[in-house]
file input_22.txt (compact mmCIF, C-alpha atoms)
# COMPACT_ATOMS: atom_id res chain seq x y z
CA MET R 27 46.47 13.37 4.63
CA THR R 28 44.32 11.24 2.33
CA ALA R 29 43.25 12.77 -0.98
CA THR R 30 39.52 12.98 -1.70
CA SER R 31 37.66 14.29 -4.71
CA ALA R 32 36.49 17.89 -4.58
CA SER R 33 32.86 16.75 -4.66
CA THR R 34 33.21 14.24 -1.81
CA PRO R 35 33.62 15.69 1.69
CA PRO R 36 36.31 13.93 3.76
CA ALA R 37 33.70 12.57 6.22
CA GLU R 38 31.83 10.90 3.36
CA ALA R 39 34.99 9.25 2.09
CA ASN R 40 35.09 7.10 5.23
CA GLY R 41 31.36 6.27 5.07
CA ALA R 42 30.14 8.39 8.01
CA PRO R 43 27.19 10.11 6.24
CA SER R 44 25.93 6.84 4.76
CA THR R 45 26.09 5.27 8.23
CA ARG R 46 24.19 8.23 9.72
CA ARG R 47 21.67 8.08 6.88
CA ALA R 48 21.06 4.36 7.46
CA ALA R 49 20.65 4.96 11.20
CA ALA R 50 18.21 7.81 10.53
CA GLN R 51 16.19 5.60 8.16
CA GLU R 52 16.03 2.81 10.75
CA ALA R 53 14.95 5.26 13.46
CA PHE R 54 12.26 6.62 11.13
CA ARG R 55 10.98 3.07 10.44
CA ASP R 56 10.86 2.42 14.18
CA VAL R 57 8.88 5.61 14.86
CA MET R 58 6.41 4.86 12.06
CA ALA R 59 5.94 1.33 13.43
CA THR R 60 4.45 2.85 16.59
CA ALA R 61 1.50 4.26 14.62
CA PRO R 62 -1.26 1.75 13.79
CA SER R 63 -2.19 1.65 10.11
CA PRO R 64 -5.18 0.09 8.37
CA VAL R 65 -4.33 -2.78 6.02
CA ALA R 66 -5.70 -3.15 2.50
CA VAL R 67 -5.00 -5.01 -0.70
CA VAL R 68 -4.85 -2.79 -3.78
CA THR R 69 -5.90 -4.67 -6.91
CA ALA R 70 -5.96 -4.13 -10.66
CA MET R 71 -6.52 -6.10 -13.83
CA ASP R 72 -3.80 -6.69 -16.42
CA GLY R 73 -5.97 -7.90 -19.26
CA THR R 74 -7.70 -10.93 -17.75
CA ARG R 75 -5.12 -11.50 -15.00
CA PRO R 76 -5.69 -10.01 -11.53
CA HIS R 77 -2.82 -8.40 -9.63
CA GLY R 78 -2.60 -7.06 -6.09
CA THR R 79 -0.41 -5.97 -3.24
CA THR R 80 -0.81 -5.33 0.48
CA VAL R 81 -0.55 -1.70 1.59
CA SER R 82 -0.82 0.16 4.85
CA ALA R 83 -0.25 3.59 3.32
CA PHE R 84 -3.70 4.70 2.18
CA ALA R 85 -6.21 7.23 3.39
CA SER R 86 -9.38 9.08 2.56
CA LEU R 87 -8.43 12.33 0.87
CA SER R 88 -11.65 14.18 0.11
CA LEU R 89 -15.39 13.81 0.59
CA VAL R 90 -16.44 16.21 -2.19
CA PRO R 91 -15.57 14.63 -4.53
CA PRO R 92 -14.88 11.30 -2.83
CA MET R 93 -11.15 10.62 -3.21
CA VAL R 94 -8.50 8.35 -1.73
CA LEU R 95 -4.73 8.41 -1.59
CA VAL R 96 -2.64 5.24 -1.97
CA SER R 97 1.15 4.92 -1.86
CA LEU R 98 2.93 2.27 -3.95
CA ASP R 99 6.62 1.47 -4.31
CA GLU R 100 8.11 2.87 -7.53
CA ARG R 101 9.36 -0.62 -8.45
CA SER R 102 5.93 -2.21 -8.03
CA GLU R 103 4.59 -4.27 -10.91
CA LEU R 104 1.11 -3.26 -9.75
CA LEU R 105 1.99 0.42 -10.10
CA ALA R 106 3.03 -0.19 -13.72
CA ILE R 107 -0.34 -1.85 -14.40
CA ILE R 108 -2.27 0.98 -12.73
CA ARG R 109 -0.30 3.56 -14.74
CA ARG R 110 -1.55 1.79 -17.90
CA THR R 111 -5.15 1.22 -16.82
CA GLY R 112 -5.75 4.24 -14.58
CA ARG R 113 -7.92 2.14 -12.22
CA PHE R 114 -7.58 0.15 -9.02
CA GLY R 115 -9.62 -1.48 -6.28
CA LEU R 116 -9.00 -0.99 -2.57
CA ASN R 117 -9.99 -3.96 -0.41
CA VAL R 118 -9.91 -2.92 3.27
CA LEU R 119 -9.00 -6.15 5.04
CA GLY R 120 -10.73 -7.53 8.10
CA ALA R 121 -9.31 -8.93 11.32
CA ASP R 122 -9.82 -12.47 10.00
CA GLN R 123 -7.87 -11.78 6.76
CA THR R 124 -4.28 -11.80 7.98
CA ALA R 125 -3.48 -14.69 5.63
CA LEU R 126 -4.55 -12.52 2.66
CA ALA R 127 -2.43 -9.62 3.95
CA THR R 128 0.59 -11.92 4.12
CA THR R 129 -0.09 -13.51 0.73
CA PHE R 130 -0.34 -10.17 -1.05
CA ALA R 131 2.68 -8.71 0.79
CA ARG R 132 5.09 -11.11 -0.89
CA SER R 133 6.71 -10.64 -4.30
CA GLY R 134 5.55 -12.35 -7.46
CA SER R 135 2.74 -12.29 -9.96
CA ASP R 136 1.02 -15.45 -8.66
CA LYS R 137 -0.52 -13.91 -5.53
CA PHE R 138 -4.07 -14.64 -6.72
CA ASP R 139 -3.36 -18.37 -7.17
CA GLY R 140 -5.88 -20.15 -4.91
CA VAL R 141 -7.44 -16.87 -3.73
CA ASP R 142 -11.19 -16.32 -4.13
CA TRP R 143 -12.14 -13.05 -5.80
CA THR R 144 -14.93 -11.60 -7.87
CA PRO R 145 -14.96 -8.82 -10.42
CA SER R 146 -16.57 -5.62 -9.16
CA ALA R 147 -16.55 -2.48 -11.31
CA GLY R 148 -14.13 -4.42 -13.53
CA LEU R 149 -11.61 -4.82 -10.68
CA PRO R 150 -10.62 -7.75 -8.44
CA ARG R 151 -12.59 -7.71 -5.20
CA LEU R 152 -11.75 -9.92 -2.23
CA PRO R 153 -14.82 -11.36 -0.49
CA HIS R 154 -15.62 -10.69 3.17
CA SER R 155 -13.64 -7.45 3.40
CA PRO R 156 -15.08 -4.73 5.67
CA GLY R 157 -14.66 -2.16 2.92
CA TRP R 158 -14.41 -1.99 -0.86
CA VAL R 159 -13.61 1.02 -3.03
CA ALA R 160 -13.21 1.17 -6.82
CA CYS R 161 -11.09 4.08 -7.99
CA GLU R 162 -10.00 6.01 -11.09
CA VAL R 163 -6.62 7.71 -10.81
CA VAL R 164 -6.59 11.50 -11.16
CA ASP R 165 -2.85 11.99 -10.62
CA PHE R 166 0.39 10.16 -9.92
CA VAL R 167 2.77 12.06 -7.63
CA THR R 168 6.35 10.90 -7.17
CA ALA R 169 7.36 11.05 -3.51
CA GLY R 170 10.77 9.63 -2.68
CA ASP R 171 10.88 5.94 -3.57
CA HIS R 172 7.07 5.73 -3.80
CA THR R 173 4.30 7.12 -5.98
CA LEU R 174 1.12 8.56 -4.52
CA LEU R 175 -2.04 7.69 -6.42
CA LEU R 176 -4.71 10.37 -6.03
CA ALA R 177 -7.97 8.81 -7.15
CA HIS R 178 -11.69 9.46 -7.46
CA VAL R 179 -13.92 6.86 -5.83
CA VAL R 180 -16.37 5.50 -8.41
CA ALA R 181 -17.95 2.81 -6.23
CA SER R 182 -17.80 1.85 -2.57
CA GLU R 183 -19.41 -0.63 -0.22
CA VAL R 184 -19.20 -1.33 3.49
CA GLY R 185 -18.95 -4.97 4.58
CA GLU R 186 -18.99 -6.75 7.92
CA GLY R 187 -16.24 -7.12 10.48
CA SER R 188 -13.49 -5.22 12.22
CA PRO R 189 -10.70 -3.82 10.05
CA LEU R 190 -7.20 -5.26 10.26
CA THR R 191 -4.44 -2.97 11.52
CA TYR R 192 -0.66 -3.13 11.48
CA ARG R 193 1.47 -1.82 14.37
CA GLN R 194 4.92 -2.68 15.70
CA ARG R 195 5.37 -5.02 12.73
CA SER R 196 2.40 -7.21 13.66
CA PHE R 197 -1.28 -7.43 12.80
CA GLY R 198 -4.04 -6.48 15.20
CA ILE R 199 -7.39 -4.76 15.49
CA HIS R 200 -8.65 -1.47 16.84
CA THR R 201 -10.21 -1.64 20.28
CA PRO R 202 -12.33 1.34 21.33
CA LEU R 203 -11.57 2.93 24.67
CA PRO R 204 -14.33 2.98 27.29
CA THR R 205 -16.25 6.26 27.31
call {"tool": "encode", "arguments": {"input": "input_22.txt", "output": "structure tokens"}}
result
Amino acid sequence: MTATSASTPPAEANGAPSTRRAAAQEAFRDVMATAPSPVAVVTAMDGTRPHGTTVSAFASLSLVPPMVLVSLDERSELLAIIRRTGRFGLNVLGADQTALATTFARSGSDKFDGVDWTPSAGLPRLPHSPGWVACEVVDFVTAGDHTLLLAHVVASEVGEGSPLTYRQRSFGIHTPLPT
């Protein structure tokens, strides 16, 4: 019989729970990949330097008052900036903006290099996006390895084009069903 510590069950000593946990996480990722998500770039200003990241975890939260919910990784540099400033922009990307989605999905602080943007409500706004929302954070809620930003909408504008979606680990668009 192999000795194990009192706090470690014998099954965990041979790695079984961590293997099951990894398998459960992979299965969860696969299930979530079946649901289409809208794609946006969340932006903020760090002094005079714009920052941003691609997200698919955002949603309208309330109409009265207008609020949105955005989820950012706890390790995100953008989250640290938003914690300091309390503000962010939400650029809902269009079907023709997959290159922007890919650019802002990578790591690094140089994502805006070569990217056109304009200030709107003091926040970086990407041109030609089907939707734009400027937000002020009301609350930060820790949820697992992410933080939920609950925010009031202080400005919004609808643009042209179909929104970009993400499903089964690829970009696409929503196609209405015939009535």
call {"tool": "residues_around", "arguments": {"input": "input_22.txt", "residues": "stretch 139-148 of chain R", "least_positions_apart": "5", "cutoff": "10 Å", "atoms": "all atoms listed in the file", "output": "number ranges by chain"}}
result
R: 70-71, 76, 113-115, 126, 129, 153-154, 158-161, 180-182
call {"tool": "write_last_selection", "arguments": {"input": "input_22.txt", "atoms": "C-alpha atoms", "output": "PDB file, in the coordinates of the input"}}
result
ATOM      1  CA  ALA R  70      -5.960  -4.130 -10.660  1.00  0.00           C
ATOM      2  CA  MET R  71      -6.520  -6.100 -13.830  1.00  0.00           C
ATOM      3  CA  PRO R  76      -5.690 -10.010 -11.530  1.00  0.00           C
ATOM      4  CA  ARG R 113      -7.920   2.140 -12.220  1.00  0.00           C
ATOM      5  CA  PHE R 114      -7.580   0.150  -9.020  1.00  0.00           C
ATOM      6  CA  GLY R 115      -9.620  -1.480  -6.280  1.00  0.00           C
ATOM      7  CA  LEU R 126      -4.550 -12.520   2.660  1.00  0.00           C
ATOM      8  CA  THR R 129      -0.090 -13.510   0.730  1.00  0.00           C
ATOM      9  CA  PRO R 153     -14.820 -11.360  -0.490  1.00  0.00           C
ATOM     10  CA  HIS R 154     -15.620 -10.690   3.170  1.00  0.00           C
ATOM     11  CA  TRP R 158     -14.410  -1.990  -0.860  1.00  0.00           C
ATOM     12  CA  VAL R 159     -13.610   1.020  -3.030  1.00  0.00           C
ATOM     13  CA  ALA R 160     -13.210   1.170  -6.820  1.00  0.00           C
ATOM     14  CA  CYS R 161     -11.090   4.080  -7.990  1.00  0.00           C
ATOM     15  CA  VAL R 180     -16.370   5.500  -8.410  1.00  0.00           C
ATOM     16  CA  ALA R 181     -17.950   2.810  -6.230  1.00  0.00           C
ATOM     17  CA  SER R 182     -17.800   1.850  -2.570  1.00  0.00           C
TER      18      SER R 182
END
call {"tool": "closest_residue", "arguments": {"input": "input_22.txt", "among": "R:Glu100, R:Val65, R:Thr79, R:Pro92", "to": "R:Thr173", "atoms": "only C-alpha atoms"}}
result
R:Glu100
call {"tool": "closest_residue", "arguments": {"input": "input_22.txt", "among": "R:Pro64, R:Arg110, R:Thr124, R:Val90", "to": "R:Gly157", "atoms": "all atoms listed in the file"}}
result
R:Pro64
call {"tool": "axis_aligned_box", "arguments": {"input": "input_22.txt", "around": "stretch 59-69 of chain R", "padding_each_side": "6 Å", "output": "lines of an AutoDock Vina configuration file"}}
result
center_x = 0.0
center_y = -0.4
center_z = 4.8
size_x = 23.8
size_y = 21.3
size_z = 35.5
call {"tool": "atom_distance", "arguments": {"input": "input_22.txt", "atom1": "atom CA of R:Val167", "atom2": "atom CA of R:Thr45"}}
result
29.0 Å
call {"tool": "residues_near_point", "arguments": {"input": "input_22.txt", "point": "(-2.3, 4.3, 5.8)", "cutoff": "6 Å", "atoms": "only C-alpha atoms", "output": "PyMOL selection string"}}
result
chain R and resi 63-64+82-85
call {"tool": "closest_residue", "arguments": {"input": "input_22.txt", "among": "R:Gly134, R:Gly120, R:Pro189, R:Gly170", "to": "R:Ser102", "atoms": "only C-alpha atoms"}}
result
R:Gly134
call {"tool": "atom_distance", "arguments": {"input": "input_22.txt", "atom1": "atom CA of R:Leu98", "atom2": "atom CA of R:Val81"}}
result
7.7 Å
call {"tool": "closest_residue", "arguments": {"input": "input_22.txt", "among": "R:Val94, R:Arg101, R:Glu52, R:Ala61", "to": "R:His172", "atoms": "all atoms listed in the file"}}
result
R:Arg101
